[in-house]
Amino acid sequence: MLRRWLPPAVAICLILGYNGATALEHRRMDATTLQPAAAAAPARHRVDADRLFATVRSLSAPEMEGRRTGTPGNHRAQAFILARFRQLGLQPLGAGYEQQFSFVHRSILGTVMPGRPAKLPYPDATNLMAMVRGTAQPDAFVIVSAHYDHLGVRQGRTFPGADDNASGVAAMLETAAYVATHPLRHSVMFIAFDGEEQGLQGSKYFVAHPPVALDRVRLVINLDMVSRSDTATIVASGTSSDPALKELVSKAALGRRLSLAFGHDRPIYLAGGVEDWTNQSDQGPFHDAGVRTLYFGVEDHPDYHQPTDTADRIPRPFFTEVAELVVQTLIEADAL
Ligand SMILES: [Zn+2]
């Protein structure tokens, strides 16, 4: 008799547990969110906001055709980033800045839907990498990364990917501009990943074929969607199990006019419906390989993966604050 009640009872417990965990995780994130500073921070590094925005506009412009891996638009984005690497005087890691690779994208939809390919080869993918040598510990690296590829053109509609992820690339390039003129103690590597939208392909390849041994990488700071938030909130993910990292980012955020939330980095049985982002962007393969990672990103918005993810929808004050937070986080991380 009792056995009949067991399956529904277990289901009810699971649902209650899931909802409870979700509510608790939201409360935990709200309680630990750092509020914006009342006054502007004195004498901190300021990024070139005009150039930051110009980069996003260029990378999300119609001629970039959504930067899908292997397309002419993606190649134009590469040329843009390479020109900036050279202009900043960044050093290549080997013979050149490029790390070429190929992959096959396996589509679950393609296996069940007629007319959709189950396997799509991408023979022409390229990560772009550059570095600034450290003054005290040149053999130890901090990586700042952002994927530059996006969804391309689908059924005649271009997906410009301004927030996802021209914003991350622009913030990375402003960070590179700072380090190029103020070298840090550690070497800093800047990576623009390709193939992220097809399943983190660029970072997976990099981790499998690193130009320097991964045990020399002290920290990866990955940027993916860092420019838009209705509540002016940026999330630092990867800190829940790393209190020192949380302290470091908190210090970097002092005096910033944005909210800094911590979370999206705990499994479903702890966080319920608050999604774990650890493996949702290019920090994932590094995390899996045992490298310390920090991810900056915003909550999803209605223009996420839509043709309306355009540069004109990015609020200038918030995005500039985030870019400056990234530079300051790197400066704090260099002291480790
Ligand atoms: Zn992205």
# chains A, B, ... in the order shown; residues from 1 in each chain; ligands from 1
call {"tool": "residues_near_ligand", "arguments": {"ligand": "ligand 1", "cutoff": "12 Å", "atoms": "only C-alpha atoms and all ligand atoms", "output": "VMD selection string"}}
result
chain A and resid 67 to 68 145 to 151 160 to 169 192 to 200 222 to 227 277 279 to 283 295 to 300 304 to 305 309
call {"tool": "select_by_dssp", "arguments": {"residues": "stretch 142-310 of chain A", "states": "strand (DSSP E or B)", "output": "PyMOL selection string"}}
result
chain A and resi 142-147+152-154+157-159+186-193+217-223+233-237+259-262+293-297
call {"tool": "residues_around", "arguments": {"residues": "stretch 134-142 of chain A", "least_positions_apart": "5", "cutoff": "7 Å", "atoms": "only C-alpha atoms", "output": "ChimeraX atom specification"}}
result
/A:183-189,216-220
call {"tool": "write_last_selection", "arguments": {"atoms": "N, CA, C and O atoms", "output": "PDB file, in the first residue's frame"}}
result
ATOM      1  N   PRO A 183      53.546  47.187 -17.346  1.00  0.00           N
ATOM      2  CA  PRO A 183      53.769  45.732 -17.187  1.00  0.00           C
ATOM      3  C   PRO A 183      53.642  45.302 -15.730  1.00  0.00           C
ATOM      4  O   PRO A 183      54.010  46.043 -14.820  1.00  0.00           O
ATOM      5  N   LEU A 184      53.087  44.110 -15.542  1.00  0.00           N
ATOM      6  CA  LEU A 184      52.837  43.604 -14.196  1.00  0.00           C
ATOM      7  C   LEU A 184      53.971  42.660 -13.780  1.00  0.00           C
ATOM      8  O   LEU A 184      54.880  42.382 -14.556  1.00  0.00           O
ATOM      9  N   ARG A 185      53.913  42.180 -12.559  1.00  0.00           N
ATOM     10  CA  ARG A 185      54.939  41.252 -12.069  1.00  0.00           C
ATOM     11  C   ARG A 185      54.847  39.921 -12.811  1.00  0.00           C
ATOM     12  O   ARG A 185      55.847  39.332 -13.188  1.00  0.00           O
ATOM     13  N   HIS A 186      53.620  39.443 -12.993  1.00  0.00           N
ATOM     14  CA  HIS A 186      53.415  38.209 -13.752  1.00  0.00           C
ATOM     15  C   HIS A 186      53.294  38.522 -15.241  1.00  0.00           C
ATOM     16  O   HIS A 186      52.903  39.625 -15.616  1.00  0.00           O
ATOM     17  N   SER A 187      53.584  37.535 -16.061  1.00  0.00           N
ATOM     18  CA  SER A 187      53.263  37.674 -17.475  1.00  0.00           C
ATOM     19  C   SER A 187      51.745  37.605 -17.633  1.00  0.00           C
ATOM     20  O   SER A 187      51.073  36.899 -16.876  1.00  0.00           O
ATOM     21  N   VAL A 188      51.214  38.350 -18.585  1.00  0.00           N
ATOM     22  CA  VAL A 188      49.772  38.328 -18.828  1.00  0.00           C
ATOM     23  C   VAL A 188      49.532  37.892 -20.267  1.00  0.00           C
ATOM     24  O   VAL A 188      50.145  38.436 -21.201  1.00  0.00           O
ATOM     25  N   MET A 189      48.678  36.898 -20.419  1.00  0.00           N
ATOM     26  CA  MET A 189      48.342  36.397 -21.754  1.00  0.00           C
ATOM     27  C   MET A 189      46.916  36.838 -22.081  1.00  0.00           C
ATOM     28  O   MET A 189      46.031  36.752 -21.232  1.00  0.00           O
ATOM     29  N   ARG A 216      51.701  26.662 -15.043  1.00  0.00           N
ATOM     30  CA  ARG A 216      52.281  28.006 -14.924  1.00  0.00           C
ATOM     31  C   ARG A 216      51.201  29.087 -15.005  1.00  0.00           C
ATOM     32  O   ARG A 216      51.509  30.272 -14.926  1.00  0.00           O
ATOM     33  N   VAL A 217      49.957  28.679 -15.182  1.00  0.00           N
ATOM     34  CA  VAL A 217      48.849  29.653 -15.236  1.00  0.00           C
ATOM     35  C   VAL A 217      48.257  29.795 -13.835  1.00  0.00           C
ATOM     36  O   VAL A 217      47.696  28.855 -13.282  1.00  0.00           O
ATOM     37  N   ARG A 218      48.405  30.961 -13.250  1.00  0.00           N
ATOM     38  CA  ARG A 218      47.946  31.196 -11.866  1.00  0.00           C
ATOM     39  C   ARG A 218      46.440  31.453 -11.809  1.00  0.00           C
ATOM     40  O   ARG A 218      45.782  31.136 -10.830  1.00  0.00           O
ATOM     41  N   LEU A 219      45.912  32.101 -12.857  1.00  0.00           N
ATOM     42  CA  LEU A 219      44.493  32.477 -12.847  1.00  0.00           C
ATOM     43  C   LEU A 219      44.034  32.756 -14.273  1.00  0.00           C
ATOM     44  O   LEU A 219      44.788  33.309 -15.072  1.00  0.00           O
ATOM     45  N   VAL A 220      42.799  32.350 -14.576  1.00  0.00           N
ATOM     46  CA  VAL A 220      42.155  32.722 -15.834  1.00  0.00           C
ATOM     47  C   VAL A 220      40.998  33.657 -15.506  1.00  0.00           C
ATOM     48  O   VAL A 220      40.149  33.321 -14.669  1.00  0.00           O
TER      49      VAL A 220
END
call {"tool": "atom_distance", "arguments": {"atom1": "atom CA of A:Leu24", "atom2": "atom CA of A:Arg228"}}
result
25.4 Å
call {"tool": "closest_residue", "arguments": {"among": "A:Leu248, A:Val56, A:Leu214, A:Ala261", "to": "A:Ala236", "atoms": "only C-alpha atoms"}}
result
A:Ala261
